[in-house]
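Data first, discussion second: the structure below is written as structure tokens.
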Amino acid sequence: MRQDRLRHALAAERRFVADASHELRTPLTAIRAQLDTIDRDGLPPDTRRALDQIRRAVDRSSRLAQQLLRLARADAAPAAPAPPLHLDQQLAAILSDLFPLALRHDNALELDCTPVLLAIAAEDLEMLVANLVENAIHHGGPGGSVRVGCGEDSAGLWLRVEDAGPGIDPADLPRLFDRFHRGSSAGAGGAGLGLAIVAAIAQRTGARLVLDRAPDLGGLRVELRFPRHL
């Protein structure tokens, strides 16, 4: 009985976070749209700087609302076993949606995949890749590269995201997947939820999460290893 009450309380909490995050996205999007209509050219420098600060604050709030919504969904149990997806095709579609973000941050997006099938919910895959790529873009800095790859070997299916950023400080490793923990190399806009969301989905899908240094780009490499039965 106590476990049932705890389970219901956690489910109610996840629904609240999801609903609140979803409701916040609409006014934040409206505020951002209104800011974009302001003609900055005729404004005094102090006013332009204030507008820039407001825009950055709205962008941070929008990203936090998006990540809270993803986190609530990542914590939820899957409704049914997922059918196999063409992983290479799904990744191409996800990266096309993320291309404008990479362009704004002067980052190159690369995709290097072999055709493989993976049984995973499309929403889970989108959350995994979006969080990893967004983290890579924000941490890599202007002029960097983000490489997404997938394939299959004797150990199973793998999906990896690599960047050209500073990598992970060893001091951050013990708390790396803690929620709202921001590492020493995190940018000003980070909320400390990206890797927590990835870890939650990896645990739910049975994937093994491996962090390493990207051999070519020099930054962080995040690899997910999926068991063959998925």
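Order determines the names: the first chain of the structure tokens is A, the second B, and so forth; residues in each chain are numbered 1 upward, and ligands are numbered 1 upward as they are shown.
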
Notebook entry, point to check: What's the 12 Å shell around Gly141 of chain A, counting only C-alpha atoms, without same-chain residues fewer than 5 positions away, as number ranges by chain?
Noted result: A: 102-108, 134-136, 146, 163-167, 185-188, 219

Next item on the list: Write out as a ChimeraX atom specification which residues come within 8 Å of Asn131 of chain A when counting only C-alpha atoms, dropping same-chain ones fewer than 6 positions away.
Entry: /A:194-195,197-198

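Atom CA of Glu223 of chain A sits 20.9 Å away from atom CA of Ala82 of chain A.
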
Next item on the list: Mind checking which residues fall within 10 Å of Ala92 of chain A, counting only C-alpha atoms, ignoring those fewer than 6 positions away in the same chain, and posting them as a ChimeraX atom specification?
Entry: /A:98,110-113,148

Would you write out those residues with C-alpha atoms, as a PDB file, in the first residue's frame?
ATOM      1  CA  LEU A  98      18.668  20.853 -35.000  1.00  0.00           C
ATOM      2  CA  GLU A 110      28.063  15.789 -39.288  1.00  0.00           C
ATOM      3  CA  LEU A 111      26.249  12.461 -39.656  1.00  0.00           C
ATOM      4  CA  ASP A 112      28.126   9.215 -40.269  1.00  0.00           C
ATOM      5  CA  CYS A 113      25.838   6.182 -40.000  1.00  0.00           C
ATOM      6  CA  VAL A 148      26.724  11.971 -34.796  1.00  0.00           C
TER       7      VAL A 148
END

Next item on the list: Determine, counting only C-alpha atoms, which protein, DNA and RNA residues have an atom within 9 Å of an atom of Cys150 of chain A; residues of the same chain fewer than 6 positions away are not included. Present the result as a VMD selection string.
Entry: chain A and resid 87 to 88 91 111 to 116 157 to 161

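Nearest-residue note for Leu118 of chain A: choosing from A:Val58, A:Val222, A:Leu85, A:Leu209, the minimum distance belongs to A:Leu85, counting only C-alpha atoms.
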
Next item on the list: Figure out the distance between atom CA of Ala130 of chain A and atom CA of Gln203 of chain A, please, to one decimal in Å.
Entry: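 Between these atoms lies a distance of 17.3 Å.
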
Note to self: Restricting the calculation to only C-alpha atoms: of A:Pro27, A:Asp212, A:Gly218, A:Ile94, which residue gets closest to Leu125 of chain A?
What the structure shows: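 For Leu125 of chain A, the nearest of the candidates is A:Ile94.
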
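Taking atom CA of Glu123 of chain A and atom CA of Arg221 of chain A as endpoints, the distance between them is 22.2 Å.
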